[in-house]
Amino acid sequence: MHSAATDSRPPALPTLLNEAKGIVAWPLRMMNAPPMPARVDGPPVMVIPGFLSSDRSTAVLRRALADAGFRTHGWHMGMNWGTRADTLDRLDARLDRVFLKNGAPVTLVGWSLGGIYARELAKRRPQIVSRVLTMGTPFSGSMRNNHAWILYELMNRHKVDKPPINVRVAEKPPVPTFALWSRRDGIVAAASARGLAHESDEAIELDCTHIGYATDPAAIARVVELLRR
């Protein structure tokens, strides 16, 4: 049972401070991530990083997916500084390349802000997207139910809820869509990442911090398990 009065607000300060542990461990886990397997023949997966992160931040997750047999791909767009007018067009072109290279519909995994992009990309190109999995993505309710929006607005020339692209954030994509959320997320409100029943096909609770979606071994194992369904 969840209380909208508590988990729809940005996480409490102690939960936010707990993210610091993950931030400290994050660079070490990235540096120690082994190289990708030379050849993988499973279904294609494209992983989209969150705000102020890049493909390096998802290296541990992508390696785990590759070890599980998936053909993994980064977004190849450098640092995710925030939404630009051409963000979805560039991602659309990247998705095309991944689809043509693999010859099969692509699973999109989006972490935090990356999940917003993944959902919108699936609405644009449902014919070549097999499913969407979001991790700690604030797609439901107010876009200010998190601790990142102030920094986001300081770094971008638009309000967090008025991006320079046409989006319908809460609308479910026309493909199977799964929302991963955590009570321990110190950045995004649980209700915002969990969403309402009609906004995804299934909401799945993990036990990790916001950073942990892409770095915590238990959380990554759960992601692998879900994609193996």
# chains A, B, ... in the order shown; residues from 1 in each chain; ligands from 1
call {"tool": "residues_around", "arguments": {"residues": "A:Ala214", "least_positions_apart": "4", "cutoff": "9 Å", "atoms": "only C-alpha atoms", "output": "list in words"}}
result
Ser57, Thr58, Ala59, Val60, Leu61, Arg62, Trp111, Met135, His210, Ala219 and Ile220 of chain A
call {"tool": "residues_around", "arguments": {"residues": "stretch 148-153 of chain A", "least_positions_apart": "6", "cutoff": "10 Å", "atoms": "only C-alpha atoms", "output": "list in words"}}
result
Pro10, Phe51, Leu52, Trp81, Gly82, Thr83, Leu113, Lys159, Val160, Asp161, Ile187 and Val188 of chain A
call {"tool": "closest_residue", "arguments": {"among": "A:Asp216, A:Asp67, A:Glu120, A:Asp96", "to": "A:Lys172", "atoms": "only C-alpha atoms"}}
result
A:Glu120
call {"tool": "atom_distance", "arguments": {"atom1": "atom CA of A:Arg184", "atom2": "atom CA of A:Pro11"}}
result
8.4 Å
call {"tool": "atom_distance", "arguments": {"atom1": "atom CA of A:Ser8", "atom2": "atom CA of A:Leu180"}}
result
15.3 Å
call {"tool": "residues_around", "arguments": {"residues": "A:Asn80", "least_positions_apart": "5", "cutoff": "10 Å", "atoms": "only C-alpha atoms", "output": "list in words"}}
result
Ile48, Pro49, Gly50, Phe51, Leu52, Ser53, Ser54, Asp55, Trp75, Thr87, Leu113 and Gly114 of chain A
call {"tool": "select_by_dssp", "arguments": {"residues": "stretch 1-186 of chain A", "states": "strand (DSSP E or B)", "output": "VMD selection string"}}
result
chain A and resid 44 to 48 71 to 73 106 to 111 129 to 135 146 177 to 182
call {"tool": "write_last_selection", "arguments": {"atoms": "C-alpha atoms", "output": "mmCIF file, in the first residue's frame"}}
result
data_model
loop_
_atom_site.group_PDB
_atom_site.id
_atom_site.type_symbol
_atom_site.label_atom_id
_atom_site.label_comp_id
_atom_site.auth_asym_id
_atom_site.auth_seq_id
_atom_site.Cartn_x
_atom_site.Cartn_y
_atom_site.Cartn_z
ATOM 1 C CA PRO A 44 19.222 -6.094 -29.394
ATOM 2 C CA VAL A 45 18.990 -3.692 -26.445
ATOM 3 C CA MET A 46 19.796 0.035 -26.507
ATOM 4 C CA VAL A 47 20.513 1.667 -23.146
ATOM 5 C CA ILE A 48 19.903 5.420 -22.777
ATOM 6 C CA ARG A 71 23.351 -7.450 -28.201
ATOM 7 C CA THR A 72 23.810 -4.223 -26.274
ATOM 8 C CA HIS A 73 24.192 -0.702 -27.634
ATOM 9 C CA VAL A 106 15.070 -3.166 -30.306
ATOM 10 C CA THR A 107 14.405 -3.161 -26.559
ATOM 11 C CA LEU A 108 14.888 0.322 -25.088
ATOM 12 C CA VAL A 109 16.200 0.637 -21.529
ATOM 13 C CA GLY A 110 16.130 4.193 -20.216
ATOM 14 C CA TRP A 111 17.615 5.329 -16.929
ATOM 15 C CA VAL A 129 10.816 -1.087 -30.749
ATOM 16 C CA SER A 130 9.959 -4.374 -29.039
ATOM 17 C CA ARG A 131 9.492 -3.011 -25.492
ATOM 18 C CA VAL A 132 10.512 -0.261 -23.089
ATOM 19 C CA LEU A 133 11.968 -0.564 -19.609
ATOM 20 C CA THR A 134 12.426 2.597 -17.529
ATOM 21 C CA MET A 135 14.564 2.813 -14.392
ATOM 22 C CA ASN A 146 12.473 14.949 -7.918
ATOM 23 C CA THR A 177 6.289 -0.920 -21.127
ATOM 24 C CA PHE A 178 7.731 -1.647 -17.698
ATOM 25 C CA ALA A 179 8.476 0.904 -14.977
ATOM 26 C CA LEU A 180 11.169 0.099 -12.407
ATOM 27 C CA TRP A 181 11.044 2.118 -9.215
ATOM 28 C CA SER A 182 12.495 2.010 -5.699
#
call {"tool": "select_by_dssp", "arguments": {"residues": "chain A", "states": "helix (DSSP H, G or I)", "output": "PyMOL selection string"}}
result
chain A and resi 4-7+13-31+55-67+87-102+113-124+149-155+190-194+197-199+211-213+217-227
call {"tool": "closest_residue", "arguments": {"among": "A:Gly136, A:Gly141, A:Pro174, A:Gly69", "to": "A:Lys123", "atoms": "only C-alpha atoms"}}
result
A:Pro174
call {"tool": "atom_distance", "arguments": {"atom1": "atom CA of A:Glu171", "atom2": "atom CA of A:His198"}}
result
8.2 Å
call {"tool": "closest_residue", "arguments": {"among": "A:Leu206, A:Leu154, A:Asn145, A:Asp89", "to": "A:Ala218", "atoms": "only C-alpha atoms"}}
result
A:Leu206
call {"tool": "residues_around", "arguments": {"residues": "A:Asp86", "least_positions_apart": "3", "cutoff": "12 Å", "atoms": "only C-alpha atoms", "output": "list in words"}}
result
Met77, Gly82, Thr83, Asp89, Arg90, Leu91, Asp92, Ala93, Tyr117, Pro163, Pro164, Ile165 and Asn166 of chain A
call {"tool": "write_last_selection", "arguments": {"atoms": "C-alpha atoms", "output": "PDB file, in the first residue's frame"}}
result
ATOM      1  CA  MET A  77      25.355  10.900 -28.042  1.00  0.00           C
ATOM      2  CA  GLY A  82      19.197  17.688 -21.011  1.00  0.00           C
ATOM      3  CA  THR A  83      16.608  17.820 -23.760  1.00  0.00           C
ATOM      4  CA  ASP A  89      15.564  13.129 -34.035  1.00  0.00           C
ATOM      5  CA  ARG A  90      19.130  12.090 -33.250  1.00  0.00           C
ATOM      6  CA  LEU A  91      17.920   9.187 -31.120  1.00  0.00           C
ATOM      7  CA  ASP A  92      15.556   8.170 -33.904  1.00  0.00           C
ATOM      8  CA  ALA A  93      18.500   7.982 -36.303  1.00  0.00           C
ATOM      9  CA  TYR A 117      13.415   9.573 -24.229  1.00  0.00           C
ATOM     10  CA  PRO A 163      10.944  20.931 -23.159  1.00  0.00           C
ATOM     11  CA  PRO A 164      11.697  22.046 -26.732  1.00  0.00           C
ATOM     12  CA  ILE A 165      10.150  18.860 -28.149  1.00  0.00           C
ATOM     13  CA  ASN A 166       6.571  17.657 -28.408  1.00  0.00           C
TER      14      ASN A 166
END
call {"tool": "closest_residue", "arguments": {"among": "A:Asp7, A:Ala66, A:Val169, A:Pro126", "to": "A:Arg194", "atoms": "only C-alpha atoms"}}
result
A:Asp7
call {"tool": "closest_residue", "arguments": {"among": "A:Arg63, A:Arg119, A:Lys101, A:Arg157", "to": "A:Ala85", "atoms": "only C-alpha atoms"}}
result
A:Arg157
call {"tool": "closest_residue", "arguments": {"among": "A:Arg84, A:His147, A:His76, A:Lys162", "to": "A:Ser112", "atoms": "only C-alpha atoms"}}
result
A:His147
call {"tool": "decode", "arguments": {"residues": "stretch 15-134 of chain A", "atoms": "C-alpha atoms", "output": "PDB file, in the first residue's frame"}}
result
ATOM      1  CA  THR A  15      17.281   9.158   1.261  1.00  0.00           C
ATOM      2  CA  LEU A  16      18.904  11.805  -0.934  1.00  0.00           C
ATOM      3  CA  LEU A  17      22.096  11.746   1.149  1.00  0.00           C
ATOM      4  CA  ASN A  18      22.240   7.967   0.818  1.00  0.00           C
ATOM      5  CA  GLU A  19      22.853   8.474  -2.915  1.00  0.00           C
ATOM      6  CA  ALA A  20      26.324   9.752  -2.003  1.00  0.00           C
ATOM      7  CA  LYS A  21      27.490   6.200  -1.266  1.00  0.00           C
ATOM      8  CA  GLY A  22      26.560   5.134  -4.763  1.00  0.00           C
ATOM      9  CA  ILE A  23      28.198   8.184  -6.309  1.00  0.00           C
ATOM     10  CA  VAL A  24      31.469   7.359  -4.532  1.00  0.00           C
ATOM     11  CA  ALA A  25      31.398   3.737  -5.740  1.00  0.00           C
ATOM     12  CA  TRP A  26      30.189   4.600  -9.251  1.00  0.00           C
ATOM     13  CA  PRO A  27      33.544   5.530 -10.890  1.00  0.00           C
ATOM     14  CA  LEU A  28      35.240   2.423  -9.463  1.00  0.00           C
ATOM     15  CA  ARG A  29      32.532   0.129 -10.824  1.00  0.00           C
ATOM     16  CA  MET A  30      32.783   1.780 -14.242  1.00  0.00           C
ATOM     17  CA  MET A  31      36.570   1.431 -14.329  1.00  0.00           C
ATOM     18  CA  ASN A  32      36.352  -2.224 -13.318  1.00  0.00           C
ATOM     19  CA  ALA A  33      33.679  -3.107 -15.869  1.00  0.00           C
ATOM     20  CA  PRO A  34      35.203  -5.808 -18.122  1.00  0.00           C
ATOM     21  CA  PRO A  35      35.067  -5.339 -21.903  1.00  0.00           C
ATOM     22  CA  MET A  36      32.001  -6.494 -23.786  1.00  0.00           C
ATOM     23  CA  PRO A  37      32.003 -10.081 -25.115  1.00  0.00           C
ATOM     24  CA  ALA A  38      33.395 -10.277 -28.641  1.00  0.00           C
ATOM     25  CA  ARG A  39      30.231 -11.806 -30.123  1.00  0.00           C
ATOM     26  CA  VAL A  40      26.686 -11.904 -28.824  1.00  0.00           C
ATOM     27  CA  ASP A  41      23.722 -13.177 -30.844  1.00  0.00           C
ATOM     28  CA  GLY A  42      20.695 -12.394 -28.692  1.00  0.00           C
ATOM     29  CA  PRO A  43      18.012  -9.706 -29.044  1.00  0.00           C
ATOM     30  CA  PRO A  44      19.222  -6.094 -29.394  1.00  0.00           C
ATOM     31  CA  VAL A  45      18.990  -3.692 -26.445  1.00  0.00           C
ATOM     32  CA  MET A  46      19.796   0.035 -26.507  1.00  0.00           C
ATOM     33  CA  VAL A  47      20.513   1.667 -23.146  1.00  0.00           C
ATOM     34  CA  ILE A  48      19.903   5.420 -22.777  1.00  0.00           C
ATOM     35  CA  PRO A  49      21.699   7.190 -19.896  1.00  0.00           C
ATOM     36  CA  GLY A  50      20.200   9.677 -17.455  1.00  0.00           C
ATOM     37  CA  PHE A  51      20.745  13.380 -16.921  1.00  0.00           C
ATOM     38  CA  LEU A  52      24.433  14.347 -16.599  1.00  0.00           C
ATOM     39  CA  SER A  53      25.603  10.862 -17.545  1.00  0.00           C
ATOM     40  CA  SER A  54      26.883   9.151 -20.668  1.00  0.00           C
ATOM     41  CA  ASP A  55      27.397   5.658 -22.066  1.00  0.00           C
ATOM     42  CA  ARG A  56      30.225   5.213 -19.568  1.00  0.00           C
ATOM     43  CA  SER A  57      27.672   5.351 -16.768  1.00  0.00           C
ATOM     44  CA  THR A  58      25.775   2.364 -18.194  1.00  0.00           C
ATOM     45  CA  ALA A  59      28.863   0.244 -18.951  1.00  0.00           C
ATOM     46  CA  VAL A  60      28.339  -2.121 -15.999  1.00  0.00           C
ATOM     47  CA  LEU A  61      24.684  -2.663 -16.915  1.00  0.00           C
ATOM     48  CA  ARG A  62      25.430  -3.184 -20.604  1.00  0.00           C
ATOM     49  CA  ARG A  63      28.183  -5.674 -19.790  1.00  0.00           C
ATOM     50  CA  ALA A  64      25.741  -7.684 -17.646  1.00  0.00           C
ATOM     51  CA  LEU A  65      23.206  -7.668 -20.472  1.00  0.00           C
ATOM     52  CA  ALA A  66      25.868  -8.757 -22.943  1.00  0.00           C
ATOM     53  CA  ASP A  67      26.914 -11.582 -20.622  1.00  0.00           C
ATOM     54  CA  ALA A  68      23.261 -12.634 -20.566  1.00  0.00           C
ATOM     55  CA  GLY A  69      23.269 -12.898 -24.357  1.00  0.00           C
ATOM     56  CA  PHE A  70      21.814  -9.565 -25.436  1.00  0.00           C
ATOM     57  CA  ARG A  71      23.351  -7.450 -28.201  1.00  0.00           C
ATOM     58  CA  THR A  72      23.810  -4.223 -26.274  1.00  0.00           C
ATOM     59  CA  HIS A  73      24.192  -0.702 -27.634  1.00  0.00           C
ATOM     60  CA  GLY A  74      24.782   2.690 -26.046  1.00  0.00           C
ATOM     61  CA  TRP A  75      23.109   5.855 -27.205  1.00  0.00           C
ATOM     62  CA  HIS A  76      26.359   7.287 -28.715  1.00  0.00           C
ATOM     63  CA  MET A  77      25.355  10.900 -28.042  1.00  0.00           C
ATOM     64  CA  GLY A  78      27.912  11.841 -25.404  1.00  0.00           C
ATOM     65  CA  MET A  79      26.819  13.442 -22.152  1.00  0.00           C
ATOM     66  CA  ASN A  80      23.090  13.780 -21.552  1.00  0.00           C
ATOM     67  CA  TRP A  81      22.980  17.477 -20.681  1.00  0.00           C
ATOM     68  CA  GLY A  82      19.197  17.688 -21.011  1.00  0.00           C
ATOM     69  CA  THR A  83      16.608  17.820 -23.760  1.00  0.00           C
ATOM     70  CA  ARG A  84      17.468  19.664 -26.969  1.00  0.00           C
ATOM     71  CA  ALA A  85      15.239  20.380 -29.967  1.00  0.00           C
ATOM     72  CA  ASP A  86      16.998  17.626 -31.949  1.00  0.00           C
ATOM     73  CA  THR A  87      17.336  15.033 -29.160  1.00  0.00           C
ATOM     74  CA  LEU A  88      14.591  12.714 -30.374  1.00  0.00           C
ATOM     75  CA  ASP A  89      15.564  13.129 -34.035  1.00  0.00           C
ATOM     76  CA  ARG A  90      19.130  12.090 -33.250  1.00  0.00           C
ATOM     77  CA  LEU A  91      17.920   9.187 -31.120  1.00  0.00           C
ATOM     78  CA  ASP A  92      15.556   8.170 -33.904  1.00  0.00           C
ATOM     79  CA  ALA A  93      18.500   7.982 -36.303  1.00  0.00           C
ATOM     80  CA  ARG A  94      20.523   6.008 -33.752  1.00  0.00           C
ATOM     81  CA  LEU A  95      17.628   3.576 -33.275  1.00  0.00           C
ATOM     82  CA  ASP A  96      17.435   3.087 -37.046  1.00  0.00           C
ATOM     83  CA  ARG A  97      21.115   2.172 -37.168  1.00  0.00           C
ATOM     84  CA  VAL A  98      20.775  -0.321 -34.299  1.00  0.00           C
ATOM     85  CA  PHE A  99      17.687  -1.870 -35.913  1.00  0.00           C
ATOM     86  CA  LEU A 100      19.324  -2.211 -39.333  1.00  0.00           C
ATOM     87  CA  LYS A 101      22.516  -3.645 -37.835  1.00  0.00           C
ATOM     88  CA  ASN A 102      20.621  -6.324 -35.917  1.00  0.00           C
ATOM     89  CA  GLY A 103      17.660  -6.926 -38.192  1.00  0.00           C
ATOM     90  CA  ALA A 104      15.281  -7.142 -35.238  1.00  0.00           C
ATOM     91  CA  PRO A 105      13.116  -4.799 -33.118  1.00  0.00           C
ATOM     92  CA  VAL A 106      15.070  -3.166 -30.306  1.00  0.00           C
ATOM     93  CA  THR A 107      14.405  -3.161 -26.559  1.00  0.00           C
ATOM     94  CA  LEU A 108      14.888   0.322 -25.088  1.00  0.00           C
ATOM     95  CA  VAL A 109      16.200   0.637 -21.529  1.00  0.00           C
ATOM     96  CA  GLY A 110      16.130   4.193 -20.216  1.00  0.00           C
ATOM     97  CA  TRP A 111      17.615   5.329 -16.929  1.00  0.00           C
ATOM     98  CA  SER A 112      16.010   8.393 -15.308  1.00  0.00           C
ATOM     99  CA  LEU A 113      15.721  11.116 -17.998  1.00  0.00           C
ATOM    100  CA  GLY A 114      16.814   8.485 -20.500  1.00  0.00           C
ATOM    101  CA  GLY A 115      13.552   6.683 -19.786  1.00  0.00           C
ATOM    102  CA  ILE A 116      11.570   9.741 -20.911  1.00  0.00           C
ATOM    103  CA  TYR A 117      13.415   9.573 -24.229  1.00  0.00           C
ATOM    104  CA  ALA A 118      12.848   5.811 -24.468  1.00  0.00           C
ATOM    105  CA  ARG A 119       9.094   6.160 -23.971  1.00  0.00           C
ATOM    106  CA  GLU A 120       8.812   8.945 -26.546  1.00  0.00           C
ATOM    107  CA  LEU A 121      11.003   7.092 -29.042  1.00  0.00           C
ATOM    108  CA  ALA A 122       8.751   4.036 -28.746  1.00  0.00           C
ATOM    109  CA  LYS A 123       5.721   6.209 -29.505  1.00  0.00           C
ATOM    110  CA  ARG A 124       7.464   7.456 -32.643  1.00  0.00           C
ATOM    111  CA  ARG A 125       8.772   4.105 -33.858  1.00  0.00           C
ATOM    112  CA  PRO A 126       6.667   1.270 -32.362  1.00  0.00           C
ATOM    113  CA  GLN A 127       7.301  -0.865 -35.447  1.00  0.00           C
ATOM    114  CA  ILE A 128      11.001  -1.240 -34.566  1.00  0.00           C
ATOM    115  CA  VAL A 129      10.816  -1.087 -30.749  1.00  0.00           C
ATOM    116  CA  SER A 130       9.959  -4.374 -29.039  1.00  0.00           C
ATOM    117  CA  ARG A 131       9.492  -3.011 -25.492  1.00  0.00           C
ATOM    118  CA  VAL A 132      10.512  -0.261 -23.089  1.00  0.00           C
ATOM    119  CA  LEU A 133      11.968  -0.564 -19.609  1.00  0.00           C
ATOM    120  CA  THR A 134      12.426   2.597 -17.529  1.00  0.00           C
TER     121      THR A 134
END
